[in-house]
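**Q** I'm passing along coords_17.pdb; it holds PDB, C-alpha atoms, pLDDT in the B column.
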ATOM      1  CA  MET W 163      62.846  -6.585-117.065  1.00 47.00           C
ATOM      2  CA  ARG W 164      62.205  -2.919-117.712  1.00 54.00           C
ATOM      3  CA  LEU W 165      64.101  -3.265-120.965  1.00 52.00           C
ATOM      4  CA  LEU W 166      61.932  -6.203-122.046  1.00 51.00           C
ATOM      5  CA  SER W 167      58.721  -4.395-121.229  1.00 57.00           C
ATOM      6  CA  ARG W 168      59.931  -1.313-123.114  1.00 55.00           C
ATOM      7  CA  LEU W 169      60.779  -3.460-126.107  1.00 49.00           C
ATOM      8  CA  ALA W 170      57.414  -5.258-126.050  1.00 51.00           C
ATOM      9  CA  PHE W 171      55.598  -1.939-125.693  1.00 53.00           C
ATOM     10  CA  ALA W 172      57.557  -0.369-128.528  1.00 51.00           C
ATOM     11  CA  TRP W 173      57.170  -3.448-130.709  1.00 47.00           C
ATOM     12  CA  ARG W 174      53.386  -3.220-130.443  1.00 50.00           C
ATOM     13  CA  ARG W 175      53.421   0.490-131.164  1.00 51.00           C
ATOM     14  CA  PHE W 176      56.270   1.091-133.567  1.00 49.00           C
ATOM     15  CA  ARG W 177      56.589  -2.330-135.244  1.00 48.00           C
ATOM     16  CA  LEU W 178      60.206  -2.716-136.274  1.00 45.00           C
ATOM     17  CA  GLY W 179      62.672   0.107-136.739  1.00 48.00           C
ATOM     18  CA  LEU W 180      62.118   2.023-133.557  1.00 52.00           C
ATOM     19  CA  PRO W 181      61.971  -1.061-131.265  1.00 47.00           C
ATOM     20  CA  LEU W 182      65.500  -1.734-132.357  1.00 51.00           C
ATOM     21  CA  VAL W 183      66.373   1.751-131.217  1.00 53.00           C
ATOM     22  CA  VAL W 184      64.572   1.289-127.930  1.00 49.00           C
ATOM     23  CA  LEU W 185      66.383  -2.021-127.432  1.00 50.00           C
ATOM     24  CA  LEU W 186      69.813  -0.586-128.081  1.00 53.00           C
ATOM     25  CA  LEU W 187      69.599   2.804-126.490  1.00 56.00           C
ATOM     26  CA  PRO W 188      68.994   2.203-122.792  1.00 53.00           C
ATOM     27  CA  GLY W 189      72.492   0.765-122.466  1.00 54.00           C
ATOM     28  CA  CYS W 190      73.806   4.039-123.874  1.00 57.00           C
ATOM     29  CA  GLY W 191      71.864   6.116-121.375  1.00 59.00           C
ATOM     30  CA  ALA W 192      69.396   7.328-124.001  1.00 65.00           C
ATOM     31  CA  SER W 193      65.605   7.182-124.042  1.00 79.00           C
ATOM     32  CA  ALA W 194      62.609   7.120-126.380  1.00 81.00           C
ATOM     33  CA  PHE W 195      62.510  10.893-125.900  1.00 87.00           C
ATOM     34  CA  ASP W 196      66.027  11.136-127.334  1.00 84.00           C
ATOM     35  CA  VAL W 197      64.914   9.112-130.349  1.00 80.00           C
ATOM     36  CA  ALA W 198      61.909  11.392-130.798  1.00 85.00           C
ATOM     37  CA  ARG W 199      64.192  14.436-130.645  1.00 89.00           C
ATOM     38  CA  GLN W 200      66.530  12.883-133.191  1.00 84.00           C
ATOM     39  CA  SER W 201      63.525  12.230-135.457  1.00 84.00           C
ATOM     40  CA  LEU W 202      62.458  15.876-135.152  1.00 90.00           C
ATOM     41  CA  ALA W 203      66.009  16.956-135.985  1.00 89.00           C
ATOM     42  CA  THR W 204      65.931  14.760-139.106  1.00 86.00           C
ATOM     43  CA  GLY W 205      62.668  16.409-140.135  1.00 90.00           C
ATOM     44  CA  ALA W 206      64.112  19.853-139.476  1.00 94.00           C
ATOM     45  CA  ALA W 207      67.167  18.976-141.567  1.00 91.00           C
ATOM     46  CA  LEU W 208      64.807  18.133-144.442  1.00 92.00           C
ATOM     47  CA  VAL W 209      63.343  21.646-144.274  1.00 95.00           C
ATOM     48  CA  ARG W 210      66.810  23.226-144.049  1.00 95.00           C
ATOM     49  CA  ASP W 211      68.451  21.110-146.768  1.00 93.00           C
ATOM     50  CA  THR W 212      65.735  21.695-149.364  1.00 95.00           C
ATOM     51  CA  ASP W 213      65.198  25.375-148.565  1.00 96.00           C
ATOM     52  CA  VAL W 214      67.694  26.957-150.968  1.00 95.00           C
ATOM     53  CA  ASP W 215      66.603  24.797-153.916  1.00 95.00           C
ATOM     54  CA  LEU W 216      62.968  25.593-153.182  1.00 97.00           C
ATOM     55  CA  ALA W 217      63.621  29.325-152.897  1.00 97.00           C
ATOM     56  CA  ARG W 218      65.481  29.307-156.208  1.00 97.00           C
ATOM     57  CA  GLY W 219      62.738  27.257-157.874  1.00 97.00           C
ATOM     58  CA  TYR W 220      60.014  29.504-156.489  1.00 98.00           C
ATOM     59  CA  THR W 221      61.754  32.644-157.735  1.00 98.00           C
ATOM     60  CA  ASP W 222      62.304  31.177-161.209  1.00 97.00           C
ATOM     61  CA  ALA W 223      58.702  29.976-161.456  1.00 97.00           C
ATOM     62  CA  SER W 224      57.351  33.318-160.266  1.00 98.00           C
ATOM     63  CA  ARG W 225      59.350  35.204-162.921  1.00 97.00           C
ATOM     64  CA  ILE W 226      57.871  33.022-165.641  1.00 97.00           C
ATOM     65  CA  ALA W 227      54.369  33.323-164.204  1.00 97.00           C
ATOM     66  CA  TYR W 228      54.821  37.083-163.883  1.00 97.00           C
ATOM     67  CA  THR W 229      55.428  37.442-167.618  1.00 96.00           C
ATOM     68  CA  GLN W 230      52.824  34.909-168.756  1.00 97.00           C
ATOM     69  CA  ALA W 231      49.894  35.583-166.425  1.00 97.00           C
ATOM     70  CA  VAL W 232      47.153  38.017-167.433  1.00 96.00           C
ATOM     71  CA  SER W 233      45.668  38.604-163.987  1.00 96.00           C
ATOM     72  CA  ALA W 234      46.376  38.052-160.307  1.00 96.00           C
ATOM     73  CA  ALA W 235      44.186  34.951-160.340  1.00 96.00           C
ATOM     74  CA  ASP W 236      46.017  33.623-163.383  1.00 97.00           C
ATOM     75  CA  TYR W 237      49.347  34.276-161.637  1.00 97.00           C
ATOM     76  CA  ARG W 238      48.204  32.316-158.574  1.00 97.00           C
ATOM     77  CA  ALA W 239      47.062  29.482-160.820  1.00 97.00           C
ATOM     78  CA  HIS W 240      50.496  29.367-162.437  1.00 97.00           C
ATOM     79  CA  MET W 241      52.079  29.274-159.002  1.00 97.00           C
ATOM     80  CA  SER W 242      49.739  26.746-157.411  1.00 97.00           C
ATOM     81  CA  ASP W 243      52.251  23.871-157.097  1.00 96.00           C
ATOM     82  CA  TRP W 244      54.896  26.211-155.681  1.00 97.00           C
ATOM     83  CA  ASP W 245      52.429  27.843-153.316  1.00 97.00           C
ATOM     84  CA  ALA W 246      51.481  24.349-152.122  1.00 96.00           C
ATOM     85  CA  VAL W 247      55.080  23.499-151.313  1.00 97.00           C
ATOM     86  CA  ALA W 248      55.556  26.840-149.544  1.00 97.00           C
ATOM     87  CA  ALA W 249      52.450  26.182-147.427  1.00 96.00           C
ATOM     88  CA  ALA W 250      53.634  22.632-146.708  1.00 96.00           C
ATOM     89  CA  GLN W 251      57.042  23.892-145.626  1.00 96.00           C
ATOM     90  CA  THR W 252      55.456  26.415-143.257  1.00 96.00           C
ATOM     91  CA  ALA W 253      53.123  23.740-141.871  1.00 94.00           C
ATOM     92  CA  THR W 254      56.034  21.317-141.382  1.00 95.00           C
ATOM     93  CA  LYS W 255      58.034  23.940-139.548  1.00 96.00           C
ATOM     94  CA  ALA W 256      55.069  24.646-137.261  1.00 94.00           C
ATOM     95  CA  ALA W 257      54.464  20.912-136.711  1.00 92.00           C
ATOM     96  CA  LEU W 258      58.111  20.329-135.776  1.00 94.00           C
ATOM     97  CA  LEU W 259      58.178  23.250-133.348  1.00 95.00           C
ATOM     98  CA  GLY W 260      54.872  22.157-131.825  1.00 93.00           C
ATOM     99  CA  ALA W 261      56.044  18.557-131.582  1.00 92.00           C
ATOM    100  CA  GLU W 262      59.221  19.663-129.870  1.00 94.00           C
ATOM    101  CA  ALA W 263      57.220  21.469-127.192  1.00 93.00           C
ATOM    102  CA  ALA W 264      55.027  18.384-126.820  1.00 91.00           C
ATOM    103  CA  VAL W 265      58.080  16.109-126.459  1.00 92.00           C
ATOM    104  CA  ASP W 266      59.388  18.451-123.764  1.00 92.00           C
ATOM    105  CA  ALA W 267      56.066  18.121-121.934  1.00 92.00           C
ATOM    106  CA  ALA W 268      55.916  14.320-122.382  1.00 91.00           C
ATOM    107  CA  GLU W 269      59.440  13.973-121.074  1.00 91.00           C
ATOM    108  CA  ALA W 270      58.742  16.216-118.090  1.00 92.00           C
ATOM    109  CA  ALA W 271      55.792  13.929-117.272  1.00 93.00           C
ATOM    110  CA  ASP W 272      57.834  10.766-118.077  1.00 90.00           C
ATOM    111  CA  ASN W 273      55.035   9.801-120.472  1.00 88.00           C
ATOM    112  CA  GLU W 274      56.487   7.785-123.364  1.00 84.00           C
ATOM    113  CA  ALA W 275      52.993   6.936-124.653  1.00 80.00           C
ATOM    114  CA  GLY W 276      52.488  10.662-125.153  1.00 81.00           C
ATOM    115  CA  LEU W 277      54.998  10.508-128.000  1.00 81.00           C
ATOM    116  CA  PHE W 278      52.710   8.545-130.352  1.00 76.00           C
ATOM    117  CA  PRO W 279      50.149  11.238-131.216  1.00 79.00           C
ATOM    118  CA  ILE W 280      53.027  13.685-131.553  1.00 82.00           C
ATOM    119  CA  LEU W 281      54.706  11.466-134.135  1.00 79.00           C
ATOM    120  CA  GLY W 282      51.385  11.206-135.986  1.00 78.00           C
ATOM    121  CA  CYS W 283      51.300  14.984-136.424  1.00 83.00           C
ATOM    122  CA  VAL W 284      54.908  15.102-137.565  1.00 86.00           C
ATOM    123  CA  ALA W 285      54.322  12.204-139.973  1.00 84.00           C
ATOM    124  CA  GLN W 286      51.335  13.947-141.539  1.00 85.00           C
ATOM    125  CA  ALA W 287      53.201  17.226-142.042  1.00 89.00           C
ATOM    126  CA  LEU W 288      56.308  15.506-143.440  1.00 90.00           C
ATOM    127  CA  ARG W 289      54.209  13.413-145.809  1.00 88.00           C
ATOM    128  CA  HIS W 290      52.504  16.512-147.226  1.00 90.00           C
ATOM    129  CA  PHE W 291      55.831  18.294-147.518  1.00 94.00           C
ATOM    130  CA  THR W 292      57.623  15.449-149.319  1.00 93.00           C
ATOM    131  CA  ASP W 293      54.627  14.991-151.652  1.00 92.00           C
ATOM    132  CA  ALA W 294      54.811  18.706-152.472  1.00 94.00           C
ATOM    133  CA  LEU W 295      58.568  18.447-153.060  1.00 94.00           C
ATOM    134  CA  VAL W 296      58.000  15.671-155.573  1.00 93.00           C
ATOM    135  CA  GLU W 297      55.330  17.781-157.335  1.00 94.00           C
ATOM    136  CA  VAL W 298      57.830  20.575-158.017  1.00 95.00           C
ATOM    137  CA  GLY W 299      60.703  18.204-158.828  1.00 93.00           C
ATOM    138  CA  VAL W 300      62.912  18.849-155.801  1.00 93.00           C
ATOM    139  CA  PRO W 301      64.622  15.632-154.637  1.00 91.00           C
ATOM    140  CA  VAL W 302      63.763  14.299-151.182  1.00 89.00           C
ATOM    141  CA  PRO W 303      66.953  13.487-149.207  1.00 85.00           C
ATOM    142  CA  ALA W 304      67.333   9.764-148.436  1.00 81.00           C
ATOM    143  CA  ALA W 305      67.300  10.164-144.638  1.00 77.00           C
ATOM    144  CA  ALA W 306      64.066  12.144-144.798  1.00 80.00           C
ATOM    145  CA  ALA W 307      62.492   9.629-147.177  1.00 80.00           C
ATOM    146  CA  SER W 308      63.356   6.834-144.710  1.00 77.00           C
ATOM    147  CA  LEU W 309      61.844   8.800-141.833  1.00 78.00           C
ATOM    148  CA  VAL W 310      58.620   9.475-143.720  1.00 79.00           C
ATOM    149  CA  HIS W 311      58.455   5.803-144.696  1.00 73.00           C
ATOM    150  CA  ALA W 312      59.006   4.632-141.125  1.00 70.00           C
ATOM    151  CA  LEU W 313      56.359   7.000-139.813  1.00 71.00           C
ATOM    152  CA  SER W 314      53.899   5.937-142.517  1.00 66.00           C
ATOM    153  CA  GLN W 315      52.152   3.622-140.042  1.00 63.00           C
ATOM    154  CA  TYR W 316      50.842   6.723-138.320  1.00 57.00           C
ATOM    155  CA  THR W 317      47.719   7.745-140.151  1.00 52.00           C
ATOM    156  CA  ASP W 318      46.653  11.186-139.002  1.00 55.00           C
ATOM    157  CA  CYS W 319      47.558  13.738-136.441  1.00 63.00           C
ATOM    158  CA  ALA W 320      46.646  12.548-132.918  1.00 54.00           C
ATOM    159  CA  GLN W 321      45.510   9.137-134.153  1.00 51.00           C
ATOM    160  CA  GLU W 322      46.734   5.835-132.816  1.00 46.00           C
ATOM    161  CA  VAL W 323      49.061   3.596-134.786  1.00 43.00           C
ATOM    162  CA  ARG W 324      47.259   1.764-137.567  1.00 43.00           C
ATOM    163  CA  ARG W 325      46.811  -1.890-136.582  1.00 36.00           C
TER     164      ARG W 325
ATOM    165  CA  MET T  70      55.372  -5.932-144.499  1.00 63.00           C
ATOM    166  CA  SER T  71      57.824  -6.740-147.285  1.00 71.00           C
ATOM    167  CA  ALA T  72      61.530  -7.448-146.832  1.00 73.00           C
ATOM    168  CA  THR T  73      62.346  -4.094-148.412  1.00 73.00           C
ATOM    169  CA  GLU T  74      60.100  -2.266-145.970  1.00 66.00           C
ATOM    170  CA  ILE T  75      61.618  -4.163-143.039  1.00 66.00           C
ATOM    171  CA  LEU T  76      65.106  -3.231-144.208  1.00 67.00           C
ATOM    172  CA  LYS T  77      64.081   0.421-144.530  1.00 65.00           C
ATOM    173  CA  HIS T  78      62.747   0.395-140.975  1.00 62.00           C
ATOM    174  CA  VAL T  79      65.933  -1.224-139.694  1.00 66.00           C
ATOM    175  CA  GLU T  80      68.010   1.277-141.651  1.00 66.00           C
ATOM    176  CA  LEU T  81      66.139   4.176-140.091  1.00 65.00           C
ATOM    177  CA  GLY T  82      66.487   2.592-136.644  1.00 65.00           C
ATOM    178  CA  LEU T  83      70.224   2.314-137.109  1.00 67.00           C
ATOM    179  CA  ARG T  84      70.464   5.876-138.413  1.00 67.00           C
ATOM    180  CA  LEU T  85      68.622   7.169-135.370  1.00 66.00           C
ATOM    181  CA  VAL T  86      70.755   5.036-133.054  1.00 64.00           C
ATOM    182  CA  ALA T  87      73.895   6.351-134.729  1.00 67.00           C
ATOM    183  CA  GLY T  88      72.705   9.935-134.381  1.00 69.00           C
ATOM    184  CA  VAL T  89      71.746   9.572-130.747  1.00 68.00           C
ATOM    185  CA  VAL T  90      74.892   7.628-129.793  1.00 66.00           C
ATOM    186  CA  GLN T  91      77.090  10.143-131.615  1.00 69.00           C
ATOM    187  CA  ALA T  92      75.432  12.963-129.682  1.00 68.00           C
ATOM    188  CA  ILE T  93      76.066  11.119-126.405  1.00 66.00           C
ATOM    189  CA  VAL T  94      79.690  10.386-127.332  1.00 67.00           C
ATOM    190  CA  ASP T  95      80.124  14.056-128.186  1.00 71.00           C
ATOM    191  CA  GLY T  96      78.753  14.925-124.766  1.00 71.00           C
ATOM    192  CA  LYS T  97      75.745  16.723-126.242  1.00 71.00           C
ATOM    193  CA  ASP T  98      72.437  16.883-124.457  1.00 72.00           C
ATOM    194  CA  LEU T  99      69.750  16.045-127.030  1.00 73.00           C
ATOM    195  CA  ARG T 100      67.393  18.380-125.193  1.00 77.00           C
ATOM    196  CA  GLU T 101      69.608  21.155-126.507  1.00 79.00           C
ATOM    197  CA  LEU T 102      69.069  20.000-130.100  1.00 82.00           C
ATOM    198  CA  ARG T 103      66.327  22.476-130.958  1.00 92.00           C
ATOM    199  CA  VAL T 104      64.359  22.734-134.181  1.00 93.00           C
ATOM    200  CA  ALA T 105      64.719  26.524-134.115  1.00 93.00           C
ATOM    201  CA  ASP T 106      68.506  26.121-134.269  1.00 93.00           C
ATOM    202  CA  ILE T 107      68.218  24.033-137.456  1.00 93.00           C
ATOM    203  CA  ILE T 108      65.517  25.971-139.314  1.00 94.00           C
ATOM    204  CA  ASP T 109      65.666  29.743-139.731  1.00 90.00           C
ATOM    205  CA  ASP T 110      62.812  31.857-138.375  1.00 90.00           C
ATOM    206  CA  ALA T 111      62.094  32.923-141.930  1.00 94.00           C
ATOM    207  CA  THR T 112      63.128  30.336-144.509  1.00 96.00           C
ATOM    208  CA  GLN T 113      64.601  31.289-147.877  1.00 97.00           C
ATOM    209  CA  LEU T 114      61.425  29.960-149.507  1.00 97.00           C
ATOM    210  CA  GLU T 115      59.210  32.151-147.346  1.00 97.00           C
ATOM    211  CA  LEU T 116      61.363  35.174-148.221  1.00 97.00           C
ATOM    212  CA  ALA T 117      61.273  34.302-151.936  1.00 98.00           C
ATOM    213  CA  LYS T 118      57.479  33.935-151.828  1.00 98.00           C
ATOM    214  CA  ALA T 119      57.054  37.240-149.998  1.00 98.00           C
ATOM    215  CA  ALA T 120      59.191  39.034-152.605  1.00 98.00           C
ATOM    216  CA  ALA T 121      57.332  37.401-155.508  1.00 98.00           C
ATOM    217  CA  ASP T 122      53.943  38.197-153.972  1.00 97.00           C
ATOM    218  CA  GLU T 123      54.986  41.819-153.553  1.00 97.00           C
ATOM    219  CA  ARG T 124      56.047  42.024-157.193  1.00 96.00           C
ATOM    220  CA  ALA T 125      52.765  40.476-158.348  1.00 96.00           C
ATOM    221  CA  LYS T 126      50.768  42.833-156.154  1.00 95.00           C
ATOM    222  CA  LEU T 127      52.430  45.813-157.838  1.00 96.00           C
ATOM    223  CA  LYS T 128      51.546  44.486-161.287  1.00 94.00           C
ATOM    224  CA  TRP T 129      47.967  43.509-160.392  1.00 93.00           C
ATOM    225  CA  PRO T 130      46.860  45.748-157.522  1.00 90.00           C
ATOM    226  CA  GLU T 131      43.688  44.528-155.807  1.00 74.00           C
TER     227      GLU T 131
END
Could you express the structure from this file as structure tokens?

**A**
Amino acid sequence: MRLLSRLAFAWRRFRLGLPLVVLLLPGCGASAFDVARQSLATGAALVRDTDVDLARGYTDASRIAYTQAVSAADYRAHMSDWDAVAAAQTATKAALLGAEAAVDAAEAADNEAGLFPILGCVAQALRHFTDALVEVGVPVPAAAASLVHALSQYTDCAQEVRR
Amino acid sequence: MSATEILKHVELGLRLVAGVVQAIVDGKDLRELRVADIIDDATQLELAKAAADERAKLKWPE
């Protein structure tokens, strides 16, 4: 009965992919909190796996801008796309660390509903980051693209699931 | 929701299930899977930006 209510609750909130998880996991001794942690780990892996390519791209772009720009403002203008991706990476890192602390708190309070606004914040940060990656031509790993797609039903940080 | 979107959601669900189940099989506690262990305190991109900013500041001092 608890399993059915969890599934119905998750179906209303998460639609499809995650209810499947919630259906399958209780028999394995896992919880929605475990799924949330796995989602955060997937987001963190996106930051880690794109980091070297981004650093190399940033350095190359900055060398070109350094020789072509005529002023500090001109340099920043040349670097605007790369600065945007750097800011998005920093914001994503902060969102993931903040979300992790929030998941810890939700789990300590046994509050599964508390996960939804957390996922909204993570979704927003990941969406900005992947958009910025595309702008500078760095490929988005498939697992991360799937995660961003699945979380796309969350509109903004701390908002409810779009109906 | 289109069939493609449904399949993507299912795919993600299965990926997450696989990850969580694998962690359980391996005897790992997912609470020990910390973001800070996956991402460095200072990323390579942040270091590259800091170095580039420093170089630019030397060329165009404020």

**Q** Have a look at W:Met241, W:Ile280, W:Val197, W:Ala287 and name the one nearest to W:Gly219; count all atoms listed in the file.

**A**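 Nearest to W:Gly219: W:Met241.
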
**Q** Which distance in Å separates atom CA of W:Leu258 and atom CA of W:Ala206, to one decimal?

**A** 7.1 Å

**Q** Apply the PyMOL selection byres ((chain T and resi 109-111) around 12) to the displayed file and report the matching residues as a PyMOL selection string.

**A** (chain W and resi 206-207+209-211+213-214+217+248+251-252+255-256+259) or (chain T and resi 103-108+112-119)

**Q** By how many Å are atom CA of T:Gly96 and atom CA of W:Leu208 apart?

**A**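 Computing the Euclidean distance for atom CA of T:Gly96 and atom CA of W:Leu208 yields 24.3 Å.
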
**Q** Using the chain letters and numbers from the file, give me the residues hit by the PyMOL selection byres ((chain T and resi 100) around 9), as a PyMOL selection string.

**A** (chain W and resi 195-196+199+266) or (chain T and resi 97-99+101-103)

**Q** Rank W:Ala235, W:Leu288, W:Ala312, W:Ala275 by their smallest atom-to-atom distance to chain T, using only C-alpha atoms, and report the top residue only.

**A** W:Ala312

**Q** For chain T, which of W:Leu309, W:Val284, W:Ala263, W:Leu295 is the closest residue, counting all atoms listed in the file?

**A**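 Smallest separation from chain T among the options: W:Leu309.
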